[in-house]
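The structure file coords-v1.cif is reproduced below (mmCIF, C-alpha atoms and all ligand atoms).
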```cif
data_upload
#
loop_
_atom_site.label_atom_id
_atom_site.label_comp_id
_atom_site.auth_asym_id
_atom_site.auth_seq_id
_atom_site.Cartn_x
_atom_site.Cartn_y
_atom_site.Cartn_z
CA MET D 231 0.00 0.00 0.00
CA HIS D 232 1.21 3.49 -0.74
CA ARG D 233 1.37 5.46 2.49
CA ILE D 234 1.78 8.74 0.66
CA LEU D 235 -0.98 9.85 -1.71
CA SER D 236 -0.04 12.29 -4.48
CA VAL D 237 -2.70 14.76 -3.38
CA ASN D 238 -2.95 17.94 -1.34
CA PRO D 239 0.52 19.49 -1.47
CA SER D 240 -0.45 22.17 1.05
CA LEU D 241 -1.76 21.87 4.60
CA PRO D 242 -4.89 24.02 3.98
CA GLN D 243 -5.80 21.71 1.09
CA HIS D 244 -5.42 18.66 3.31
CA ILE D 245 -7.45 20.23 6.11
CA GLU D 246 -10.22 21.04 3.63
CA GLN D 247 -10.09 17.49 2.31
CA ILE D 248 -10.35 15.96 5.77
CA ALA D 249 -13.29 18.21 6.61
CA HIS D 250 -15.31 17.41 3.49
CA ALA D 251 -14.11 14.18 1.86
CA PRO D 252 -11.67 12.18 4.00
CA GLU D 253 -12.57 9.02 2.01
CA VAL D 254 -9.99 10.11 -0.57
CA TYR D 255 -7.41 8.63 1.77
CA ARG D 256 -9.15 5.27 2.01
CA PRO D 257 -6.87 2.44 0.79
CA PHE D 258 -8.32 0.02 -1.76
CA ALA D 259 -7.41 -2.90 0.44
CA CYS D 260 -6.04 -3.58 3.91
CA PRO D 261 -2.21 -3.34 3.93
CA HIS D 262 -2.11 -6.06 6.59
CA CYS D 263 -4.38 -8.79 5.18
CA GLY D 264 -5.27 -7.59 1.67
CA VAL D 265 -9.04 -7.64 2.14
CA ALA D 266 -10.97 -4.76 0.55
CA GLY D 267 -13.69 -2.70 2.20
CA LEU D 268 -12.09 -0.57 4.90
CA TRP D 269 -14.20 1.94 6.75
CA LEU D 270 -13.37 5.34 8.18
CA HIS D 271 -12.44 4.86 11.81
CA GLY D 272 -11.87 8.30 13.24
CA PHE D 273 -8.85 10.56 13.04
CA TYR D 274 -5.56 11.07 14.79
CA GLU D 275 -3.69 14.31 15.32
CA ARG D 276 -0.42 14.99 13.60
CA LYS D 277 2.03 17.87 13.79
CA PRO D 278 3.24 18.27 10.22
CA ASP D 279 5.39 21.34 10.77
CA ARG D 280 6.85 21.55 14.23
CA ASP D 281 7.95 25.16 14.23
CA GLY D 282 7.20 26.52 10.79
CA PRO D 283 4.96 29.50 10.03
CA ALA D 284 1.95 27.18 9.99
CA ALA D 285 2.79 25.82 13.43
CA VAL D 286 0.60 28.10 15.48
CA SER D 287 -2.45 28.25 13.25
CA LEU D 288 -2.56 24.80 11.65
CA ASN D 289 -0.85 22.34 14.01
CA PRO D 290 -1.97 19.76 14.73
CA VAL D 291 -3.93 18.55 11.71
CA LEU D 292 -6.11 15.47 11.46
CA VAL D 293 -5.21 12.32 9.58
CA ALA D 294 -7.96 9.85 8.68
CA ARG D 295 -7.69 6.36 10.11
CA PHE D 296 -9.31 3.36 8.42
CA CYS D 297 -10.24 0.03 9.95
CA CYS D 298 -10.29 -3.41 8.32
CA GLY D 299 -13.36 -5.54 9.07
CA ALA D 300 -11.46 -8.76 8.36
CA CYS D 301 -8.41 -8.41 10.61
CA GLY D 302 -9.48 -5.47 12.77
CA ARG D 303 -6.25 -3.52 12.23
CA THR D 304 -6.09 0.13 11.25
CA CYS D 305 -4.09 2.08 8.71
CA SER D 306 -3.87 5.58 7.30
CA ARG D 307 -2.37 7.48 4.42
CA LEU D 308 -0.69 10.87 4.25
CA PRO D 309 -0.93 13.72 1.72
CA LEU D 310 2.08 15.33 0.04
CA CYS D 311 2.24 18.06 2.67
CA ILE D 312 2.98 15.68 5.57
CA ALA D 313 6.15 13.60 5.71
CA PRO D 314 5.88 10.19 7.39
CA ARG D 315 7.72 9.94 10.72
CA ARG D 316 9.07 13.49 10.54
CA TRP D 317 8.14 16.69 12.31
CA HIS D 318 9.02 18.87 9.37
CA PRO D 319 7.30 18.99 5.96
CA TRP D 320 8.98 17.78 2.77
CA ALA D 321 9.14 21.37 1.48
CA LYS D 322 11.46 22.37 4.32
CA GLN D 323 13.64 19.31 3.77
CA GLN D 324 13.81 20.15 0.09
CA ARG D 325 14.96 23.67 0.85
CA VAL D 326 17.81 22.39 3.02
CA LEU D 327 18.83 19.80 0.46
CA LEU D 328 18.80 22.28 -2.43
CA ASP D 329 20.93 24.72 -0.43
CA LEU D 330 23.42 21.94 0.33
CA LEU D 331 23.48 20.87 -3.32
CA ALA D 332 24.20 24.49 -4.25
CA GLY D 333 27.24 24.42 -2.00
CA ALA D 334 25.89 25.95 1.21
CA SER D 335 27.37 24.82 4.52
CA LEU D 336 25.33 22.61 6.81
CA ARG D 337 25.05 25.44 9.32
CA GLY D 338 24.03 27.93 6.65
CA ALA D 339 21.38 25.66 5.13
CA ALA D 340 19.97 24.84 8.57
CA LEU D 341 19.83 28.50 9.55
CA CYS D 342 18.01 29.51 6.36
CA ALA D 343 15.36 26.82 6.82
CA GLY D 344 15.02 27.47 10.55
CA VAL D 345 15.97 23.96 11.64
CA ALA D 346 18.67 22.68 13.97
CA CYS D 347 22.03 21.87 12.47
CA HIS D 348 21.77 18.22 13.54
CA THR D 349 18.40 17.98 11.80
CA ALA D 350 19.87 19.26 8.53
CA ARG D 351 22.74 16.81 8.92
CA ARG D 352 20.32 13.94 9.46
CA TRP D 353 18.40 14.83 6.27
CA ARG D 354 21.61 15.14 4.30
CA ASP D 355 22.87 11.75 5.52
CA TRP D 356 19.47 10.15 4.89
CA LEU D 357 19.46 11.40 1.31
CA HIS D 358 23.05 10.34 0.77
CA ALA D 359 22.39 6.86 2.13
CA GLY D 360 19.28 6.43 -0.02
CA THR D 361 20.51 7.97 -3.26
CA ALA D 362 21.26 4.69 -5.06
CA THR D 363 17.85 3.25 -4.16
CA PHE D 364 15.87 6.40 -4.93
CA ALA D 365 17.76 6.98 -8.19
CA PHE D 366 17.07 3.43 -9.36
CA MET D 367 13.35 3.62 -8.56
CA LEU D 368 12.72 7.10 -9.88
CA ARG D 369 14.69 6.55 -13.09
CA SER D 370 12.59 3.51 -13.88
CA ARG D 371 9.59 5.90 -14.01
CA PHE D 372 11.33 9.05 -15.19
CA PRO D 373 14.18 8.02 -17.54
CA GLU D 374 15.15 11.65 -18.13
CA LEU D 375 16.54 11.71 -14.57
CA GLY D 376 19.33 9.43 -15.79
CA ARG D 377 21.15 12.37 -17.29
CA GLY D 378 22.15 13.89 -13.97
CA GLY D 379 24.68 11.23 -13.11
CA ASP D 380 24.85 9.65 -9.67
CA GLY D 381 25.09 11.32 -6.30
CA PRO D 382 24.38 15.06 -6.06
CA GLY D 383 23.77 15.31 -9.82
CA PHE D 384 20.81 12.98 -9.55
CA TRP D 385 19.13 15.11 -6.89
CA THR D 386 19.73 18.31 -8.79
CA ALA D 387 17.98 16.77 -11.82
CA CYS D 388 15.24 15.19 -9.72
CA LEU D 389 14.37 18.28 -7.68
CA SER D 390 14.26 20.49 -10.74
CA ALA D 391 11.79 18.03 -12.31
CA MET D 392 9.50 17.57 -9.30
CA PRO D 393 9.22 18.59 -5.64
CA LEU D 394 10.79 16.27 -3.06
CA ALA D 395 7.29 15.41 -1.80
CA GLU D 396 6.29 14.02 -5.20
CA ALA D 397 9.56 12.16 -5.61
CA MET D 398 9.00 10.54 -2.22
CA ALA D 399 5.38 9.69 -3.08
CA TRP D 400 6.68 7.84 -6.15
CA ALA D 401 9.44 6.17 -4.17
CA ASP D 402 6.86 5.14 -1.57
CA HIS D 403 5.34 2.81 -4.18
CA GLU D 404 8.40 0.61 -3.75
CA VAL D 405 9.97 1.31 -0.37
CA SER D 406 9.03 2.87 2.92
CA VAL D 407 10.17 6.49 3.08
CA PRO D 408 11.87 8.29 4.64
ZN ZN H 501 -7.04 -6.46 7.30
#
```

Translate the structure of the given file into structure tokens.
Amino acid sequence: MHRILSVNPSLPQHIEQIAHAPEVYRPFACPHCGVAGLWLHGFYERKPDRDGPAAVSLNPVLVARFCCGACGRTCSRLPLCIAPRRWHPWAKQQRVLLDLLAGASLRGAALCAGVACHTARRWRDWLHAGTATFAFMLRSRFPELGRGGDGPGFWTACLSAMPLAEAMAWADHEVSVP
């Protein structure tokens, strides 16, 4: 099951979606047992942007939870504006990564994005560690990304073709990200 849906790149869009049509996030089948026919089973709260400009007004936002009638387990899916298992949105991670690719120092990139230096370092190391895997998966769908070479060149090509959130939504078809 894809945990990231390629919908709602901004938090206000997601909030609107949850208020009026949360079924968009319903998986076709249970990720645990494969049986179809999940039903909406409430919501949980999520902080998608720990200390960004949206923090005060929009945090936390609701994420729809779905329950499987066959095995009784629950699951949920996230929009493009919320990164799984992270307190910062993809857009902020992308900004740090683009600054680093452009030659900025870790401290400088972190300062510009308003995150701690160790957070920026973690994102950089995560991207570095996953480059071979992400490049392989994304090039199988977007062959034009093959021109950037490996390593930093791949990410420069990738992030000029699509936002990090979309790249991760594609990658999420094959592996669990981040
Ligand atoms: Zn199930």

### Message
What does the list of residues within 12 Å of ligand ZN 501 (chain H) look like if you count only C-alpha atoms and all ligand atoms, written as a list in words?
### Response
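Final answer, ordered by chain and number: Pro257, Phe258, Ala259, Cys260, Pro261, His262, Cys263, Gly264, Val265, Ala266, Gly267, Leu268, Trp269, Phe296, Cys297, Cys298, Gly299, Ala300, Cys301, Gly302, Arg303, Thr304 and Cys305 of chain D.
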
### Query
What gap, in Å, lies between CA of Glu246 (chain D) and CA of Lys277 (chain D)?
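For CA of Glu246 (chain D) relative to CA of Lys277 (chain D), the distance reads 16.2 Å.
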
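You will find CA of Ala397 (chain D) at 18.0 Å from CA of Leu330 (chain D).
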
### Query
Which polymer residues have any atom within 12 Å of an atom of Ala340 (chain D), counting only C-alpha atoms, with same-chain residues fewer than 4 positions away left out, as a ChimeraX atom specification?
/D:322-330,334-336,344-354

### Task
Excluding Asp279 (chain D) and any residue of its chain fewer than 5 positions from it, enumerate the residues within 9 Å of it, using only C-alpha atoms, and give them as a list in words.
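In the requested form, the answer reads Ala284, Ala285, Leu288, Asn289, Pro290, Ile312, Arg316, Trp317, His318, Pro319 and Lys322 of chain D.
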
### Message
Using all atoms listed in the file, which protein or nucleic acid residues come within 12 Å of His403 (chain D)? Drop anything in the same chain fewer than 4 positions from it, and give the result as a PyMOL selection string.
### Response
chain D and resi 231-236+364+367-368+371+396-399+407

### Task
Measuring atom to atom with only C-alpha atoms, identify which of D:Ser287, D:Ser306, D:Ser240, D:Thr363 is nearest to Ala395 (chain D).
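Closest residue, counting only C-alpha atoms: D:Ser240.
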
### Message
Could you list, as number ranges by chain, every residue within 7 Å of Phe384 (chain D), counting all atoms listed in the file and ignoring same-chain residues fewer than 4 positions away?
### Response
D: 365, 375, 378-380, 388

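One distance worth recording is that between CA of Phe372 (chain D) and CA of Asp402 (chain D), which is 14.9 Å.
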
### Message
From the options D:Pro278, D:Ala362, D:Arg256, D:Ala332, which residue's atoms come nearest to Arg315 (chain D), counting only C-alpha atoms?
### Response
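Looking at the shortest contact to Arg315 (chain D), the residue is D:Pro278.
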
Within 10 Å of Ala387 (chain D), counting only C-alpha atoms, which residues show up once you throw out same-chain ones fewer than 4 positions away? Write them as a PDB file with C-alpha atoms, in the frame of the given file, please.
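Writing done, so here's selection_7.pdb:
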```pdb
ATOM      1  CA  GLU D 374      15.150  11.650 -18.130  1.00  0.00           C
ATOM      2  CA  LEU D 375      16.540  11.710 -14.570  1.00  0.00           C
ATOM      3  CA  GLY D 376      19.330   9.430 -15.790  1.00  0.00           C
ATOM      4  CA  ARG D 377      21.150  12.370 -17.290  1.00  0.00           C
ATOM      5  CA  GLY D 378      22.150  13.890 -13.970  1.00  0.00           C
ATOM      6  CA  GLY D 379      24.680  11.230 -13.110  1.00  0.00           C
ATOM      7  CA  PRO D 382      24.380  15.060  -6.060  1.00  0.00           C
ATOM      8  CA  GLY D 383      23.770  15.310  -9.820  1.00  0.00           C
ATOM      9  CA  ALA D 391      11.790  18.030 -12.310  1.00  0.00           C
ATOM     10  CA  MET D 392       9.500  17.570  -9.300  1.00  0.00           C
TER      11      MET D 392
END
```

### Task
Determine the nearest neighbour of Leu310 (chain D) from the options D:Leu389, D:Val237, D:Ala359, D:Ala401, counting all atoms listed in the file.
D:Val237

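Counting only C-alpha atoms, the residue from D:Pro373, D:Val293, D:Leu341, D:Pro314 that sits nearest to His244 (chain D) is D:Val293.
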
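Residue nearest Leu394 (chain D) within the list D:Phe366, D:Cys311, D:Arg337, D:Trp320: D:Trp320 [criterion: smallest interatomic distance, only C-alpha atoms].
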
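Each of D:Ala343, D:Ala294, D:Ala249, D:Leu357 was checked against Ala321 (chain D) using only C-alpha atoms; the smallest atom-to-atom distance is that of D:Ala343.
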